[in-house]
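Engineer: final17.txt is the file, holding compact mmCIF, C-alpha atoms and all ligand atoms:
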# COMPACT_ATOMS: atom_id res chain seq x y z
CA MET Q 244 100.80 113.53 95.33
CA ALA Q 245 100.54 111.19 92.44
CA ARG Q 246 97.12 112.14 91.12
CA LYS Q 247 97.55 115.78 92.01
CA THR Q 248 100.78 116.11 90.07
CA SER Q 249 99.52 114.42 86.93
CA ASN Q 250 98.97 116.56 83.86
CA ARG Q 251 95.51 117.89 84.16
CA SER Q 252 95.45 120.69 81.67
CA LYS Q 253 92.69 123.20 82.20
CA SER Q 254 92.05 125.26 79.11
CA LYS Q 255 91.30 128.88 79.86
CA ASP Q 256 90.08 129.52 76.32
CA LYS Q 257 86.41 130.36 76.07
CA PRO Q 258 84.48 128.54 73.32
CA ARG Q 259 83.84 130.56 70.20
CA ALA Q 260 80.32 131.91 69.67
CA SER Q 261 79.74 129.57 66.72
CA ALA Q 262 80.79 126.61 68.83
CA ARG Q 263 78.48 127.68 71.67
CA LYS Q 264 75.48 127.69 69.30
CA LYS Q 265 76.00 124.08 68.33
CA ALA Q 266 74.03 121.50 70.23
CA ALA Q 267 76.07 119.58 72.81
CA PRO Q 268 77.39 116.37 71.24
CA ARG Q 269 75.74 113.21 72.43
CA ALA Q 270 77.84 111.07 74.76
CA LYS Q 271 79.63 108.34 72.84
CA LYS Q 272 78.41 104.86 73.50
CA GLN Q 273 81.12 103.04 75.40
CA PRO Q 274 82.23 99.69 73.95
CA HIS Q 275 81.96 96.62 76.12
CA GLY Q 276 83.86 93.42 76.79
CA ILE Q 277 86.29 92.20 74.18
CA ILE Q 278 85.89 95.34 72.02
CA ARG Q 279 86.82 97.58 74.97
CA THR Q 280 89.82 95.39 75.81
CA LEU Q 281 90.94 95.44 72.18
CA ARG Q 282 90.47 99.20 71.97
CA ASP Q 283 92.58 99.72 75.12
CA LYS Q 284 95.29 97.46 73.73
CA ILE Q 285 95.31 99.29 70.39
CA ILE Q 286 95.54 102.69 72.10
CA ALA Q 287 98.36 101.48 74.37
CA TYR Q 288 100.31 99.80 71.56
CA SER Q 289 99.85 102.77 69.24
CA GLU Q 290 101.53 104.89 71.90
CA GLY Q 291 104.27 102.27 72.05
CA GLN Q 292 104.12 102.28 75.80
CA SER Q 293 101.83 99.49 76.90
CA ILE Q 294 102.74 97.69 80.09
CA SER Q 295 101.97 94.00 80.44
CA ASN Q 296 100.45 92.54 83.60
CA ARG Q 297 103.59 90.46 84.09
CA LYS Q 298 105.81 93.55 84.09
CA LEU Q 299 103.39 95.42 86.34
CA LEU Q 300 103.45 92.55 88.84
CA GLU Q 301 107.27 92.69 88.90
CA PHE Q 302 107.06 96.33 89.94
CA MET Q 303 104.30 95.70 92.44
CA SER Q 304 106.39 92.98 94.05
CA GLU Q 305 109.16 95.55 94.51
CA PHE Q 306 106.75 98.16 95.87
CA LEU Q 307 105.41 95.64 98.37
CA ALA Q 308 108.99 94.99 99.53
CA VAL Q 309 109.40 98.76 100.04
CA GLU Q 310 106.27 98.89 102.21
CA LYS Q 311 107.52 95.88 104.22
CA GLY Q 312 110.88 97.58 104.70
CA GLY Q 313 108.96 100.67 105.87
CA ILE Q 314 107.14 98.59 108.49
CA GLN Q 315 110.48 97.44 109.91
CA LEU Q 316 111.99 100.94 109.82
CA TYR Q 317 108.97 102.55 111.55
CA THR Q 318 108.90 99.78 114.17
CA ALA Q 319 112.58 100.34 115.03
CA ALA Q 320 112.39 104.14 114.88
CA ALA Q 321 109.21 104.36 117.01
CA LYS Q 322 110.78 102.11 119.64
CA ARG Q 323 113.89 104.29 119.86
CA SER Q 324 112.31 107.74 119.59
CA THR Q 325 112.43 109.91 122.71
CA ASP Q 326 110.44 112.73 121.11
CA PRO Q 327 106.76 112.18 122.05
CA GLU Q 328 105.42 113.96 118.94
CA ILE Q 329 107.67 112.08 116.51
CA LYS Q 330 107.08 108.76 118.29
CA GLY Q 331 103.29 109.17 118.06
CA VAL Q 332 103.44 110.01 114.36
CA TYR Q 333 105.77 107.06 113.65
CA GLU Q 334 103.32 104.71 115.35
CA ASN Q 335 100.46 106.10 113.28
CA PHE Q 336 102.47 105.84 110.04
CA LEU Q 337 103.46 102.29 110.99
CA SER Q 338 99.83 101.18 111.00
CA GLN Q 339 99.17 103.07 107.73
CA THR Q 340 102.20 101.38 106.15
CA GLU Q 341 100.90 97.98 107.29
CA ASN Q 342 97.66 98.86 105.52
CA HIS Q 343 99.53 99.87 102.34
CA ALA Q 344 101.26 96.48 102.34
CA ARG Q 345 97.86 94.79 102.71
CA ILE Q 346 96.39 96.86 99.85
CA LEU Q 347 99.30 95.92 97.55
CA THR Q 348 99.11 92.25 98.56
CA GLU Q 349 95.41 92.11 97.69
CA ALA Q 350 95.96 94.00 94.41
CA ILE Q 351 98.69 91.56 93.37
CA GLU Q 352 96.33 88.66 94.10
CA GLU Q 353 93.54 90.33 92.14
CA LEU Q 354 95.86 90.65 89.13
CA GLY Q 355 96.62 86.93 89.33
CA GLY Q 356 100.05 87.33 90.90
CA ASP Q 357 101.65 85.66 93.91
CA PRO Q 358 102.38 88.15 96.73
CA SER Q 359 105.06 85.84 98.14
CA TYR Q 360 107.04 86.02 94.87
CA MET Q 361 110.04 88.35 95.10
CA SER Q 362 111.00 90.08 91.86
CA PRO Q 363 114.67 91.07 91.40
CA GLY Q 364 113.68 94.63 92.34
CA ALA Q 365 112.00 93.35 95.50
CA VAL Q 366 115.10 91.34 96.47
CA ALA Q 367 117.19 94.50 96.07
CA GLN Q 368 114.78 96.50 98.23
CA GLU Q 369 114.79 93.82 100.91
CA LYS Q 370 118.60 93.92 101.01
CA LEU Q 371 118.52 97.71 101.20
CA ALA Q 372 116.08 97.64 104.13
CA LYS Q 373 118.30 95.10 105.92
CA ALA Q 374 121.34 97.35 105.40
CA MET Q 375 119.40 100.36 106.69
CA LEU Q 376 118.28 98.47 109.77
CA SER Q 377 121.79 97.29 110.56
CA LEU Q 378 123.36 100.74 110.24
CA GLU Q 379 125.42 101.45 113.34
CA VAL Q 380 125.77 105.07 114.42
CA PRO Q 381 126.84 106.91 117.59
CA LYS Q 382 124.07 107.07 120.20
CA GLU Q 383 123.65 110.86 119.89
CA LEU Q 384 122.93 110.51 116.15
CA ARG Q 385 120.62 107.49 116.40
CA GLU Q 386 117.24 109.24 116.19
CA LEU Q 387 118.41 111.66 113.50
CA LYS Q 388 119.74 108.79 111.37
CA ASP Q 389 116.46 106.88 111.88
CA ALA Q 390 114.59 109.93 110.54
CA GLU Q 391 116.99 110.24 107.60
CA LEU Q 392 116.55 106.57 106.71
CA LEU Q 393 112.78 107.03 106.84
CA LEU Q 394 113.09 110.05 104.57
CA LEU Q 395 114.96 107.91 102.02
CA ALA Q 396 112.44 105.09 102.34
CA GLU Q 397 109.44 107.43 102.09
CA THR Q 398 110.90 109.15 99.02
CA LYS Q 399 110.99 105.78 97.27
CA ASP Q 400 107.58 104.81 98.66
CA HIS Q 401 106.05 108.07 97.42
CA MET Q 402 107.60 107.60 93.96
CA ASP Q 403 106.30 104.03 93.76
CA TRP Q 404 102.69 105.14 94.19
CA GLU Q 405 103.20 108.05 91.84
CA PHE Q 406 104.55 105.59 89.29
CA LEU Q 407 101.51 103.32 89.67
CA ASP Q 408 99.30 106.32 89.01
CA LYS Q 409 101.34 107.37 85.97
CA ILE Q 410 101.35 103.94 84.35
CA SER Q 411 97.64 103.42 84.95
CA SER Q 412 97.03 104.95 81.51
CA LYS Q 413 99.22 102.29 79.90
CA VAL Q 414 97.47 99.17 81.14
CA GLU Q 415 94.19 97.47 80.35
CA GLN Q 416 90.92 99.05 81.49
CA SER Q 417 90.20 96.71 84.42
CA THR Q 418 93.79 96.98 85.68
CA ARG Q 419 93.63 100.76 85.27
CA GLU Q 420 90.57 100.95 87.49
CA LEU Q 421 92.25 98.76 90.09
CA LEU Q 422 95.45 100.87 90.09
CA ARG Q 423 93.60 104.17 90.31
CA GLY Q 424 91.46 102.76 93.11
CA ILE Q 425 94.41 101.71 95.26
CA VAL Q 426 96.37 104.91 94.56
CA SER Q 427 93.42 107.01 95.72
CA GLN Q 428 93.38 105.06 98.98
CA VAL Q 429 96.97 105.87 99.89
CA GLU Q 430 98.04 109.07 98.09
CA ASP Q 431 97.15 111.54 100.85
CA GLU Q 432 98.89 109.41 103.45
CA GLU Q 433 102.01 109.10 101.32
CA ASP Q 434 102.12 112.87 100.91
CA GLU Q 435 101.94 113.17 104.69
CA HIS Q 436 104.65 110.54 105.24
CA LEU Q 437 107.12 112.33 103.01
CA GLU Q 438 106.37 115.78 104.39
CA PHE Q 439 106.67 114.60 107.97
CA ALA Q 440 109.92 112.73 107.28
CA LYS Q 441 111.47 116.02 106.10
CA LYS Q 442 110.23 117.88 109.17
CA ALA Q 443 111.47 115.15 111.52
CA VAL Q 444 114.95 115.28 109.98
CA GLU Q 445 115.01 119.06 110.36
CA LYS Q 446 113.82 118.96 113.98
CA LEU Q 447 116.25 116.22 115.01
CA ALA Q 448 119.19 117.79 113.18
CA LEU Q 449 118.48 121.02 115.04
CA ARG Q 450 118.36 119.08 118.31
CA VAL Q 451 121.74 117.50 117.57
CA ALA Q 452 123.18 120.88 116.55
CA THR Q 453 121.96 122.71 119.64
CA SER Q 454 122.90 119.91 122.04
CA ALA Q 455 126.40 119.96 120.49
CA SER Q 456 126.69 123.71 121.08
CA LYS Q 457 125.38 123.28 124.65
CA SER Q 458 128.08 120.71 125.41
CA ALA Q 459 130.70 122.97 123.81
CA GLN Q 460 129.51 125.83 126.05
CA SER Q 461 129.68 123.69 129.17
CA ALA Q 462 133.15 122.44 128.17
CA GLN Q 463 134.24 126.07 127.79
CA SER Q 464 132.82 127.05 131.17
CA ILE Q 465 134.59 124.06 132.76
CA ARG Q 466 137.89 125.17 131.19
CA ARG Q 467 137.34 128.76 132.41
CA ALA Q 468 136.58 127.56 135.93
CA ALA Q 469 139.70 125.37 136.03
FE FE Z 1 103.39 103.37 102.05
FE FE Z 2 104.83 105.90 103.13
Could you write out this structure as structure tokens?
Structural biologist:
Amino acid sequence: MARKTSNRSKSKDKPRASARKKAAPRAKKQPHGIIRTLRDKIIAYSEGQSISNRKLLEFMSEFLAVEKGGIQLYTAAAKRSTDPEIKGVYENFLSQTENHARILTEAIEELGGDPSYMSPGAVAQEKLAKAMLSLEVPKELRELKDAELLLLAETKDHMDWEFLDKISSKVEQSTRELLRGIVSQVEDEEDEHLEFAKKAVEKLALRVATSASKSAQSAQSIRRAA
């Protein structure tokens, strides 16, 4: 996901003969402490895209709310699922999502933030999760709608982590290391969550479609028999 999709250009050009003859340049000495921090700030500001810790924490508050909403959605969907395969996967993803929430909580604390603070984006996500959880649908559509809601939630969840990876080049060095560290812990799981959500929707939609045609067939045979 996030890291895999980032721009990693691989040049296919072979070095010129003259360049090959030159001795390999010595590794540059890396600056330390205040000089490194200043250098990172200058690079970020010169690109006009630096992101402050305060702004980052606002986003992370929102992303934590998304993970918390995911916990509630997986709990409800796993409880209602009658498909053993889907139910098992939901339960597994529920515990992974709980872990993602823990990872974000600890990262917010490490950046000096308060995990209990709700940014405006987090408040919006909490309301959205509440609305999703209170959605009333006919019984025969319940499991399909649960899967569709999870697909929406996982799309946002996936994008959140991708975003954290993308902006890691626009924050200070220590924050960058922290962001890249937490993204690498969850990225494979988030890929799996999104992929499975799509498959679950497809499987359950097919189940609804075929059960509808089965009932239409039996209604027809009843009419013929009458
Ligand atoms: Fe997650
Ligand atoms: Fe997820």
Engineer: Output the neighbourhood of ligand FE 1 (chain Z) as an MDAnalysis selection string, that is, all protein and nucleic acid residues with some atom at most 10 Å from the ligand, counting all atoms listed in the file.
Structural biologist: chainID Q and resid 306:307 309:314 336:344 346:347 396:401 403:404 429:430 432:434 436:437
Engineer: For a test of reading the model, state the distance in Å between atom CA of Ser412 of chain Q and atom CA of Tyr360 of chain Q, rounded to one decimal.
Structural biologist: 25.2 Å
Engineer: Name the closest residue to Asp326 of chain Q among the candidates Q:Arg450, Q:Gly356, Q:Glu415, Q:Asp408; distances are taken between atoms, counting only C-alpha atoms.
Structural biologist: Q:Arg450
Engineer: Taking every listed atom of segment 408-413 of chain Q and adding 4 Å to each side, what centre and edge lengths in Å (one decimal) does the axis-aligned box have, as JSON?
Structural biologist:
{"center_x": 99.2, "center_y": 104.8, "center_z": 84.5, "size_x": 12.3, "size_y": 13.1, "size_z": 17.1}
Engineer: From the options Q:Ile425, Q:Leu447, Q:Arg323, Q:Gln315, which residue's atoms come nearest to Glu369 of chain Q, counting all atoms listed in the file?
Structural biologist: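 Ranking Q:Ile425, Q:Leu447, Q:Arg323, Q:Gln315 by distance to Glu369 of chain Q, first place goes to Q:Gln315.
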Engineer: Give the answer as one residue: which of Q:Leu316, Q:Val414, Q:Val444, Q:Leu449 has the shortest atom-to-atom distance to ligand FE 2 (chain Z), using all atoms listed in the file?
Structural biologist: Q:Leu316
Engineer: At what distance in Å, to one decimal, does atom CA of Ala372 of chain Q lie from atom CA of Val426 of chain Q?
Structural biologist: 23.1 Å
Engineer: So, with only C-alpha atoms as the atoms that count, which of Q:Ser362, Q:Thr325, Q:Asn296, Q:Thr418 lies closest to Glu386 of chain Q?
Structural biologist: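 Smallest distance to Glu386 of chain Q is found for Q:Thr325.
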Engineer: Just to confirm, what's the straight-line distance from atom CA of Phe406 of chain Q to atom CA of Leu300 of chain Q in Å (one decimal)?
Structural biologist: 13.1 Å
Engineer: From the set Q:Leu387, Q:Pro358, Q:Ala319, Q:Ala365, which residue has the shortest atom-to-atom contact distance to Lys442 of chain Q, counting all atoms listed in the file?
Structural biologist: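 Of Q:Leu387, Q:Pro358, Q:Ala319, Q:Ala365, the one nearest Lys442 of chain Q, counting all atoms listed in the file, is Q:Leu387.
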Engineer: Take the point (111.4, 89.6, 91.2) as written in the file and pick out every residue within 10 Å of it, counting only C-alpha atoms; give the list as a PDB file with C-alpha atoms, in the coordinates of the input.
Structural biologist:
ATOM      1  CA  LYS Q 298     105.810  93.550  84.090  1.00  0.00           C
ATOM      2  CA  LEU Q 300     103.450  92.550  88.840  1.00  0.00           C
ATOM      3  CA  GLU Q 301     107.270  92.690  88.900  1.00  0.00           C
ATOM      4  CA  PHE Q 302     107.060  96.330  89.940  1.00  0.00           C
ATOM      5  CA  MET Q 303     104.300  95.700  92.440  1.00  0.00           C
ATOM      6  CA  SER Q 304     106.390  92.980  94.050  1.00  0.00           C
ATOM      7  CA  GLU Q 305     109.160  95.550  94.510  1.00  0.00           C
ATOM      8  CA  TYR Q 360     107.040  86.020  94.870  1.00  0.00           C
ATOM      9  CA  MET Q 361     110.040  88.350  95.100  1.00  0.00           C
ATOM     10  CA  SER Q 362     111.000  90.080  91.860  1.00  0.00           C
ATOM     11  CA  PRO Q 363     114.670  91.070  91.400  1.00  0.00           C
ATOM     12  CA  GLY Q 364     113.680  94.630  92.340  1.00  0.00           C
ATOM     13  CA  ALA Q 365     112.000  93.350  95.500  1.00  0.00           C
ATOM     14  CA  VAL Q 366     115.100  91.340  96.470  1.00  0.00           C
ATOM     15  CA  ALA Q 367     117.190  94.500  96.070  1.00  0.00           C
TER      16      ALA Q 367
END
